[in-house]
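Below is one structure; the comments refer to it alone.
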Amino acid sequence: MSTTENTTKRVAYYKGCLASLSAKELDSSTQALAPMVGLELVELESVTCCGAGDIHEAEPDYYLHLNARILAYAEATGCDTLMTVCNVCTLNLRQANFMLQGDADLLARVNENLVTVGVPAYSGNVEVRHFLWEIAEGEGYERLKEVAHRGLKGLKVAPFYGCQILRPSKIMGFEDPDRPWSLERIIEACGGEAIDYPAKIKCCGFPIIAAREETALGEVIQPVEQAIEAGADVMVTPCPLCHLSLDAWQQKLEASTGRAFKMPVLHLAQLVGVAAGLEESELKFKRHIVDPRPALERLEV
Amino acid sequence: MKVGLKIWRYDTSTGERALREYEIEAPEEATLLDCLDIVKDRHDGSLAYRKSCRMMICGSCGMRMDGAAVLACKTRMYDIAQEGRVPVISAMGNLPIVKDLVVDMDPFWAKFKAMWPWLEPGYERPEDGREYRISQERMNVVHKEALCINCGCCVSECNAMESDPDFLGPQALAKGMRFVGDPRDSATVERLERYSQEHGIWDCTRCYFCNERCPKGVDPRDAIAKLGAESIRLGIDRDMGAKHAKWFVRSAETTGWLREEELIPKTQGYVSAIKQLKFGASLARHGKVRPIPIPHTAKDVGEARNLRKVVREQDRQGALGHVQGERALARLEHGHTGGSLEEIYARPGAAPRPWLPEVEEDQQA
């Protein structure tokens with residue numbers, strides 16, 4: 001039996017916009033899985049959108065302050081880790097955090113503004129980490145091996161990293177951005193077979209999917225096509241934006257190419273959740289456009 | 001040391017393509033470029049590649065090693081040879097191949113020229129007849145962009161350009177920022193109007209490959225973000241990409257969370273968005289969007305709203321908002337994740353602290 005029962009890591013949990021609305025299944029599966037892998041989630045209440053690449057681009061000073069506000073509330077929980085479940089939130093928060101930690105004058109100015117509007121000052125003592133990193137190494141990984149051992153029964157899983165958990169590597173700093181290993185390690189620990197294909201580190205096109213749909217579709221087709229060619233049963237991604245792009249826009253790829261892809265895409269917490277025996281009420285696969293349940297049926301035997 | 005290389009050879013006249021393996025003897029300090037020179041001098045004179053300065057300033061020797069764009073003259077081979085790895089060398093991506101590792105740079109230069117890569121002078125000359133001096137603060141805005149050596153490593157890996165070959169791309173746009181941010185230039189608005197057209201600023205898919213690959217620290221994606229910020233600051237926001245970005249700002253200050261369901265109509269306009277109704281219905285069937293979007297409001301959203309008012313009064317609009325964080329991020333790049341300079345220079349084995357005039361003055365004060 002488990003020997004690590006009593007080591008639970010308390011983390012401030014920032015779920016971001018998509019897990020609050022269009023990707024609620026990501027939130028419910030993360031919340032259900034967290035205690036099983038030794039994480040106690042302290043959900044942040046008084047927080048907003050991190051601004052994605054959009055506020056960062058349009059109003060960078062506001063971007064910095066919005067993210068500083070999230071960091072300040074995370075610090076106020078007493079946790080030293082702010083856990084994210086989205087690549088874009090991860091980049092935004094880590095980048096803002098490094099800007100504030102590495103420049104005392106900037107931190108002082110931002111804090112003065114935070115205090116003016118009633119937000120506690122931030123002292124720079126929070127580390128922003130994605131859920132993926134929490135379960136790909138250390139205690140989280142040990143617990144993962146116990147709860148999800150062989151649950152995937154050889155399922156062929158194509159990992160899709162997306163961009164902003166790998167690059168810029170000076171800000172992410174977790175793994176080699178050209179030869180990442182974390183998703184593969186998790187897939188194998190869950191008893192799945194990790195499928196390799198070149199587009200797994202490329203862009204899903206999501207940031208420009210509303211403004212430049214054609215260009216974005218030219219990007220999202222690559223991982224979908226390559227995963228199918230490589231024989232994957234399902235894809236998995238640590239980012240809800242990549243998920244929406246791969247899952248929901250797949251029907252547009254089908255319409256434009258006349259081909260039926262039907263490639264199911266799982267959130268990371270769902271994939272591990274399947275292996276760990278979570279229920280549909282927590283996994284909420286019915287919320288996916290491409291239903292993953294047929295591909296997962298053989299696991300139930 | 002022994003160095004193994006696999007090189008993709010390509011002959012356009014015959015269309016013949018082949019992966020050839022070479023094993024050479026090279027000095028331990030050899031770069032990839034030195035190794036290619038040895039291959040060409042002693043093993044196979046027919047190998048084609050570009051080079052000139054050998055010291056990371058001419059930008060001629062961009063190519064791919066194991067799929068990632070590098071400057072051959074900046075890439076030391078010692079560690080790779082020690083590991084016994086035999087890397088695959090190929091031509092850069094997103095540009096047509098002329099022969100072996102040589103690409104046709106014409107499309108690259110065409111985009112470069114489209115940026116008006118020259119200064120349109122529009123500054124007042126000082127009355128005393130002396131030269132026009134730019135403050136350090138203003139120079140900082142374009143400091144990184146001015147480091148570009150036009151090697152094409154960023155273009156090679158650009159995911160948006162792969163999908164839309166007409167995208168101006170990271171190198172050209174970074175060059176554009178170098179002029180938009182220059183206080184002596186008078187064509188800022190005309191430039192931004194031009195750069196924010198169809199294949200411009202708002203085509204960038206934010207894959208960050210350009211920042212990752214740039215051998216000179218230009219960070220082209222950050223330069224594109226500066227252009228976006230300057231466009232918004234000056235009200236050049238007709239493009240759908242700009243409207244998309246503005247909707248995030250509007251969401252943050254009204255409900256705190258992104259008003260996702262209104263994003264497509266706010267970006268494309270309500271008339272064009274009608275074409276998306278069928279798609280929207282499929283999302284609604286799975287609960288991804290709701291038929292009536294009741295705002296999902298964050299607790300204490302008034303703080304986020306007031307924060308915007310406060311920061312807008314502080315004159316860090318536009319590119320300056322990006323520039324203010326660059327110093328800290330540069331420290332990160334050089335491994336300074338915390339601690340004062342005094343602590344860093346006091347560490348065992350640290351390099352001697354350079355003489356800085358302002359430090360001397362501080363000590364005298």
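Chain labels run A, B, ... following the order of the structure tokens; each chain numbers its residues from 1, and ligands are numbered from 1 in the order shown.
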Legend entry - Spatial neighbours of B:Pro291, 10 Å, only C-alpha atoms, chain gap at least 3 places, as a ChimeraX atom specification: /B:261,280-281,284-285,287-288,294
Inset, instruction - Report as a PyMOL selection string: the residues of stretch 64-254 of chain B with a DSSP assignment of strand (DSSP E), based on the backbone of this structure. - result: chain B and resi 64-65+68-71+88-90+97-99+102-103
Kindly assemble as JSON lines a list of the chain A residues that lie within 6 Å of chain B, each paired with its nearest atom pair and their distance in Å to one decimal, using only C-alpha atoms, sorted first by chain and then by ascending residue number.
{"residue": "A:Cys17", "atom": "CA", "partner": "B:Trp257", "partner_atom": "CA", "distance": 5.8}
{"residue": "A:Ser22", "atom": "CA", "partner": "B:Lys288", "partner_atom": "CA", "distance": 4.2}
{"residue": "A:Ser46", "atom": "CA", "partner": "B:Lys299", "partner_atom": "CA", "distance": 4.8}
{"residue": "A:Thr48", "atom": "CA", "partner": "B:Gly256", "partner_atom": "CA", "distance": 4.5}
{"residue": "A:Cys49", "atom": "CA", "partner": "B:Trp257", "partner_atom": "CA", "distance": 4.8}
{"residue": "A:Asp54", "atom": "CA", "partner": "B:Ala245", "partner_atom": "CA", "distance": 4.4}
{"residue": "A:Ile55", "atom": "CA", "partner": "B:Val249", "partner_atom": "CA", "distance": 5.9}
{"residue": "A:Glu57", "atom": "CA", "partner": "B:Ala225", "partner_atom": "CA", "distance": 4.7}
{"residue": "A:Ala58", "atom": "CA", "partner": "B:Ala229", "partner_atom": "CA", "distance": 4.4}
{"residue": "A:Pro60", "atom": "CA", "partner": "B:Gly321", "partner_atom": "CA", "distance": 4.8}
{"residue": "A:Asp61", "atom": "CA", "partner": "B:Gly321", "partner_atom": "CA", "distance": 4.6}
{"residue": "A:Tyr62", "atom": "CA", "partner": "B:Arg308", "partner_atom": "CA", "distance": 6.0}
{"residue": "A:Met99", "atom": "CA", "partner": "B:Ala328", "partner_atom": "CA", "distance": 5.0}
{"residue": "A:Gly102", "atom": "CA", "partner": "B:Ala328", "partner_atom": "CA", "distance": 4.5}
{"residue": "A:Asp103", "atom": "CA", "partner": "B:Ala328", "partner_atom": "CA", "distance": 5.5}
{"residue": "A:Val117", "atom": "CA", "partner": "B:Glu303", "partner_atom": "CA", "distance": 5.5}
{"residue": "A:Cys163", "atom": "CA", "partner": "B:Cys207", "partner_atom": "CA", "distance": 5.3}
{"residue": "A:Arg167", "atom": "CA", "partner": "B:Tyr208", "partner_atom": "CA", "distance": 5.8}
{"residue": "A:Pro168", "atom": "CA", "partner": "B:Glu212", "partner_atom": "CA", "distance": 5.6}
{"residue": "A:Lys170", "atom": "CA", "partner": "B:Glu333", "partner_atom": "CA", "distance": 5.9}
{"residue": "A:Cys203", "atom": "CA", "partner": "B:Cys207", "partner_atom": "CA", "distance": 5.6}
{"residue": "A:Pro207", "atom": "CA", "partner": "B:Thr205", "partner_atom": "CA", "distance": 5.8}
{"residue": "A:Ile208", "atom": "CA", "partner": "B:Thr205", "partner_atom": "CA", "distance": 5.8}
{"residue": "A:Ala210", "atom": "CA", "partner": "B:Ile264", "partner_atom": "CA", "distance": 6.0}
{"residue": "A:Ala211", "atom": "CA", "partner": "B:Met240", "partner_atom": "CA", "distance": 5.1}
{"residue": "A:Thr215", "atom": "CA", "partner": "B:Ser163", "partner_atom": "CA", "distance": 5.4}
{"residue": "A:Gly218", "atom": "CA", "partner": "B:Ser163", "partner_atom": "CA", "distance": 5.1}
{"residue": "A:Arg287", "atom": "CA", "partner": "B:His286", "partner_atom": "CA", "distance": 4.6}
Output the selection as a PDB file, in the first residue's frame - N, CA and C atoms for each residue.
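And here's again_2.pdb as it stands now:
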ATOM      1  N   CYS A  17      -9.556  31.180 -17.318  1.00  0.00           N
ATOM      2  CA  CYS A  17     -10.881  31.388 -17.926  1.00  0.00           C
ATOM      3  C   CYS A  17     -11.505  30.116 -18.483  1.00  0.00           C
ATOM      4  N   SER A  22     -15.707  27.127 -20.819  1.00  0.00           N
ATOM      5  CA  SER A  22     -15.868  26.164 -21.912  1.00  0.00           C
ATOM      6  C   SER A  22     -15.156  24.842 -21.639  1.00  0.00           C
ATOM      7  N   SER A  46     -10.508  35.784  -5.596  1.00  0.00           N
ATOM      8  CA  SER A  46     -10.503  37.157  -6.131  1.00  0.00           C
ATOM      9  C   SER A  46      -9.507  37.311  -7.265  1.00  0.00           C
ATOM     10  N   THR A  48      -8.698  37.287 -11.687  1.00  0.00           N
ATOM     11  CA  THR A  48      -9.284  37.504 -13.010  1.00  0.00           C
ATOM     12  C   THR A  48      -8.505  36.703 -14.040  1.00  0.00           C
ATOM     13  N   CYS A  49      -8.876  36.895 -15.278  1.00  0.00           N
ATOM     14  CA  CYS A  49      -8.149  36.395 -16.443  1.00  0.00           C
ATOM     15  C   CYS A  49      -6.703  36.902 -16.389  1.00  0.00           C
ATOM     16  N   ASP A  54      -3.162  38.424 -25.349  1.00  0.00           N
ATOM     17  CA  ASP A  54      -3.854  39.593 -25.886  1.00  0.00           C
ATOM     18  C   ASP A  54      -3.658  40.862 -25.062  1.00  0.00           C
ATOM     19  N   ILE A  55      -3.918  40.781 -23.748  1.00  0.00           N
ATOM     20  CA  ILE A  55      -3.666  41.976 -22.930  1.00  0.00           C
ATOM     21  C   ILE A  55      -2.158  42.198 -22.855  1.00  0.00           C
ATOM     22  N   GLU A  57      -0.106  41.787 -25.184  1.00  0.00           N
ATOM     23  CA  GLU A  57       0.303  42.515 -26.388  1.00  0.00           C
ATOM     24  C   GLU A  57      -0.265  43.939 -26.404  1.00  0.00           C
ATOM     25  N   ALA A  58      -1.565  44.077 -26.084  1.00  0.00           N
ATOM     26  CA  ALA A  58      -2.244  45.359 -26.291  1.00  0.00           C
ATOM     27  C   ALA A  58      -1.912  46.375 -25.202  1.00  0.00           C
ATOM     28  N   PRO A  60       0.522  46.134 -22.183  1.00  0.00           N
ATOM     29  CA  PRO A  60       1.467  45.360 -21.381  1.00  0.00           C
ATOM     30  C   PRO A  60       1.566  45.790 -19.914  1.00  0.00           C
ATOM     31  N   ASP A  61       1.383  47.059 -19.655  1.00  0.00           N
ATOM     32  CA  ASP A  61       1.484  47.504 -18.261  1.00  0.00           C
ATOM     33  C   ASP A  61       0.291  46.967 -17.456  1.00  0.00           C
ATOM     34  N   TYR A  62      -0.872  46.952 -18.077  1.00  0.00           N
ATOM     35  CA  TYR A  62      -2.061  46.389 -17.417  1.00  0.00           C
ATOM     36  C   TYR A  62      -1.890  44.877 -17.232  1.00  0.00           C
ATOM     37  N   MET A  99       9.665  39.219 -13.977  1.00  0.00           N
ATOM     38  CA  MET A  99       9.865  40.667 -14.129  1.00  0.00           C
ATOM     39  C   MET A  99       9.871  41.339 -12.753  1.00  0.00           C
ATOM     40  N   GLY A 102      12.905  40.152 -10.491  1.00  0.00           N
ATOM     41  CA  GLY A 102      14.232  40.560 -10.951  1.00  0.00           C
ATOM     42  C   GLY A 102      14.439  42.060 -11.009  1.00  0.00           C
ATOM     43  N   ASP A 103      13.461  42.851 -10.571  1.00  0.00           N
ATOM     44  CA  ASP A 103      13.594  44.301 -10.675  1.00  0.00           C
ATOM     45  C   ASP A 103      12.872  44.962  -9.495  1.00  0.00           C
ATOM     46  N   VAL A 117      -5.501  50.138  -5.030  1.00  0.00           N
ATOM     47  CA  VAL A 117      -6.838  49.629  -5.364  1.00  0.00           C
ATOM     48  C   VAL A 117      -7.316  48.567  -4.369  1.00  0.00           C
ATOM     49  N   CYS A 163       2.779  25.336 -27.321  1.00  0.00           N
ATOM     50  CA  CYS A 163       3.965  26.199 -27.330  1.00  0.00           C
ATOM     51  C   CYS A 163       4.391  26.683 -25.956  1.00  0.00           C
ATOM     52  N   ARG A 167       8.280  27.058 -24.616  1.00  0.00           N
ATOM     53  CA  ARG A 167       9.002  28.247 -25.062  1.00  0.00           C
ATOM     54  C   ARG A 167       8.357  29.510 -24.493  1.00  0.00           C
ATOM     55  N   PRO A 168       9.096  30.594 -24.241  1.00  0.00           N
ATOM     56  CA  PRO A 168      10.563  30.661 -24.291  1.00  0.00           C
ATOM     57  C   PRO A 168      11.163  29.836 -23.142  1.00  0.00           C
ATOM     58  N   LYS A 170      13.812  30.076 -21.499  1.00  0.00           N
ATOM     59  CA  LYS A 170      14.423  30.790 -20.364  1.00  0.00           C
ATOM     60  C   LYS A 170      13.360  31.097 -19.308  1.00  0.00           C
ATOM     61  N   CYS A 203       2.687  24.662 -32.895  1.00  0.00           N
ATOM     62  CA  CYS A 203       1.570  25.514 -32.477  1.00  0.00           C
ATOM     63  C   CYS A 203       0.226  24.940 -32.932  1.00  0.00           C
ATOM     64  N   PRO A 207      -4.244  31.082 -30.791  1.00  0.00           N
ATOM     65  CA  PRO A 207      -4.265  32.538 -30.566  1.00  0.00           C
ATOM     66  C   PRO A 207      -4.839  33.339 -31.735  1.00  0.00           C
ATOM     67  N   ILE A 208      -4.727  32.803 -32.966  1.00  0.00           N
ATOM     68  CA  ILE A 208      -5.224  33.579 -34.113  1.00  0.00           C
ATOM     69  C   ILE A 208      -6.429  32.907 -34.771  1.00  0.00           C
ATOM     70  N   ALA A 210      -9.586  33.087 -34.231  1.00  0.00           N
ATOM     71  CA  ALA A 210     -10.750  33.941 -34.482  1.00  0.00           C
ATOM     72  C   ALA A 210     -10.435  34.996 -35.540  1.00  0.00           C
ATOM     73  N   ALA A 211      -9.196  35.492 -35.547  1.00  0.00           N
ATOM     74  CA  ALA A 211      -8.849  36.584 -36.453  1.00  0.00           C
ATOM     75  C   ALA A 211      -8.236  36.104 -37.774  1.00  0.00           C
ATOM     76  N   THR A 215      -5.135  30.540 -41.513  1.00  0.00           N
ATOM     77  CA  THR A 215      -3.745  30.313 -41.092  1.00  0.00           C
ATOM     78  C   THR A 215      -3.718  29.350 -39.908  1.00  0.00           C
ATOM     79  N   GLY A 218      -4.278  25.777 -40.864  1.00  0.00           N
ATOM     80  CA  GLY A 218      -3.074  25.218 -41.473  1.00  0.00           C
ATOM     81  C   GLY A 218      -2.083  24.730 -40.428  1.00  0.00           C
ATOM     82  N   ARG A 287     -18.737  16.516 -22.698  1.00  0.00           N
ATOM     83  CA  ARG A 287     -18.509  17.912 -23.079  1.00  0.00           C
ATOM     84  C   ARG A 287     -17.532  18.055 -24.251  1.00  0.00           C
TER      85      ARG A 287
END
Inset, instruction - Could you give me the residues within stretch 81-117 of chain B that DSSP places in helix (DSSP H, G or I), as a count of residues only? - result: 12
Distance query A:Lys9 at most 8 Å, only C-alpha atoms, self and fewer than 6 positions along chain excluded, as a PDB file with N, CA and C atoms, in the first residue's frame:
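File produced: selection_26.pdb:
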ATOM      1  N   GLY A  38      -1.488  13.706  -4.315  1.00  0.00           N
ATOM      2  CA  GLY A  38      -0.844  14.393  -3.201  1.00  0.00           C
ATOM      3  C   GLY A  38      -0.886  15.908  -3.266  1.00  0.00           C
ATOM      4  N   LEU A  39      -1.886  16.467  -3.929  1.00  0.00           N
ATOM      5  CA  LEU A  39      -1.982  17.921  -4.008  1.00  0.00           C
ATOM      6  C   LEU A  39      -3.266  18.392  -3.330  1.00  0.00           C
ATOM      7  N   GLU A  40      -3.124  19.390  -2.467  1.00  0.00           N
ATOM      8  CA  GLU A  40      -4.305  20.029  -1.899  1.00  0.00           C
ATOM      9  C   GLU A  40      -4.470  21.373  -2.599  1.00  0.00           C
TER      10      GLU A  40
END
Inset, instruction - Find the distance between atom CA of A:Ala275 and atom CA of A:Glu127 and write it in Å to one decimal. - result: 28.7 Å
Legend entry - Residue neighbourhood stretch 175-183 of chain A, 9 Å, only C-alpha atoms, exclusion window fewer than 4 positions, as a PyMOL selection string: (chain A and resi 132-133+135-137+159-161+163+165-169+187-188+194+201+236-238+268) or (chain B and resi 67-68+212)
Inset, instruction - Could you jot down the atom CA of A:Thr81 to atom CA of A:Leu41 separation for me, Å, one decimal place? - result: 10.4 Å
Inset, instruction - Please provide the set of residues having any atom within 10 Å of A:Gly192, restricted to only C-alpha atoms, with same-chain residues fewer than 2 positions apart removed, written as a PyMOL selection string. - result: chain A and resi 149-158+184-190+194-195+271+275
Preceding selection exported with C-alpha atoms as a PDB file, in the first residue's frame:
ATOM      1  CA  HIS A 149      -0.403   2.107 -12.573  1.00  0.00           C
ATOM      2  CA  ARG A 150      -1.018   0.382 -15.909  1.00  0.00           C
ATOM      3  CA  GLY A 151      -4.516   1.826 -16.104  1.00  0.00           C
ATOM      4  CA  LEU A 152      -4.222   2.706 -19.783  1.00  0.00           C
ATOM      5  CA  LYS A 153      -3.499  -0.891 -20.850  1.00  0.00           C
ATOM      6  CA  GLY A 154      -1.316  -0.052 -23.805  1.00  0.00           C
ATOM      7  CA  LEU A 155      -3.522   2.738 -25.176  1.00  0.00           C
ATOM      8  CA  LYS A 156      -1.619   4.592 -27.895  1.00  0.00           C
ATOM      9  CA  VAL A 157      -1.454   8.220 -26.785  1.00  0.00           C
ATOM     10  CA  ALA A 158      -0.055  11.110 -28.844  1.00  0.00           C
ATOM     11  CA  GLU A 184       5.699  10.757 -22.401  1.00  0.00           C
ATOM     12  CA  ARG A 185       6.844   9.866 -18.898  1.00  0.00           C
ATOM     13  CA  ILE A 186       3.332  10.318 -17.531  1.00  0.00           C
ATOM     14  CA  ILE A 187       1.733   8.356 -20.378  1.00  0.00           C
ATOM     15  CA  GLU A 188       4.104   5.440 -19.778  1.00  0.00           C
ATOM     16  CA  ALA A 189       3.580   5.570 -16.021  1.00  0.00           C
ATOM     17  CA  CYS A 190      -0.147   5.226 -16.674  1.00  0.00           C
ATOM     18  CA  ALA A 194       3.551   7.336 -26.073  1.00  0.00           C
ATOM     19  CA  ILE A 195       3.421   7.991 -29.816  1.00  0.00           C
ATOM     20  CA  LEU A 271      -5.929  10.961 -19.213  1.00  0.00           C
ATOM     21  CA  ALA A 275      -5.991   5.476 -15.583  1.00  0.00           C
TER      22      ALA A 275
END
Inset, instruction - Compile the contact shell of A:Leu33 as number ranges by chain: residues with an atom at most 8 Å away, counting only C-alpha atoms, same-chain residues fewer than 6 positions apart removed. - result: A: 269, 272-273, 278
Prev. selection, N, CA and C atoms, output as a PDB file, in the first residue's frame:
ATOM      1  N   ALA A 269      -5.336  15.968 -17.133  1.00  0.00           N
ATOM      2  CA  ALA A 269      -5.954  15.431 -15.911  1.00  0.00           C
ATOM      3  C   ALA A 269      -6.980  14.348 -16.238  1.00  0.00           C
ATOM      4  N   VAL A 272      -4.848  10.966 -17.046  1.00  0.00           N
ATOM      5  CA  VAL A 272      -4.404  10.332 -15.804  1.00  0.00           C
ATOM      6  C   VAL A 272      -5.634   9.870 -15.021  1.00  0.00           C
ATOM      7  N   GLY A 273      -6.700  10.676 -15.077  1.00  0.00           N
ATOM      8  CA  GLY A 273      -7.945  10.346 -14.383  1.00  0.00           C
ATOM      9  C   GLY A 273      -8.538   9.031 -14.867  1.00  0.00           C
ATOM     10  N   LEU A 278     -11.217   7.558 -12.374  1.00  0.00           N
ATOM     11  CA  LEU A 278     -12.233   8.582 -12.121  1.00  0.00           C
ATOM     12  C   LEU A 278     -13.498   8.263 -12.923  1.00  0.00           C
TER      13      LEU A 278
END
Legend entry - Atomic separation - atom CA of B:Asp166 relative to atom CA of B:Lys51, Å: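 Atom CA of B:Lys51 sits 27.0 Å away from atom CA of B:Asp166.
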Inset, instruction - Write out as a VMD selection string which residues come within 6 Å of stretch 219-229 of chain A when counting only C-alpha atoms, dropping same-chain ones fewer than 4 positions away. - result: chain A and resid 158 199 204 to 205
Could you write out that same residue set with C-alpha atoms as a short mmCIF file (atom, residue, chain, number, x, y, z; two decimals), in the first residue's frame?
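Saved result, result.cif, follows:
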data_model
loop_
_atom_site.label_atom_id
_atom_site.label_comp_id
_atom_site.auth_asym_id
_atom_site.auth_seq_id
_atom_site.Cartn_x
_atom_site.Cartn_y
_atom_site.Cartn_z
CA ALA A 158 -0.06 11.11 -28.84
CA ALA A 199 4.33 18.37 -34.62
CA CYS A 204 -2.14 24.65 -32.41
CA GLY A 205 -3.01 28.00 -34.00
#
Legend entry - Of the listed residues A:Arg212, A:Thr257, A:Arg129, A:Arg10, that which approaches A:Phe174 most closely, counting only C-alpha atoms: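 Comparing A:Arg212, A:Thr257, A:Arg129, A:Arg10 against A:Phe174, the winner is A:Arg129.
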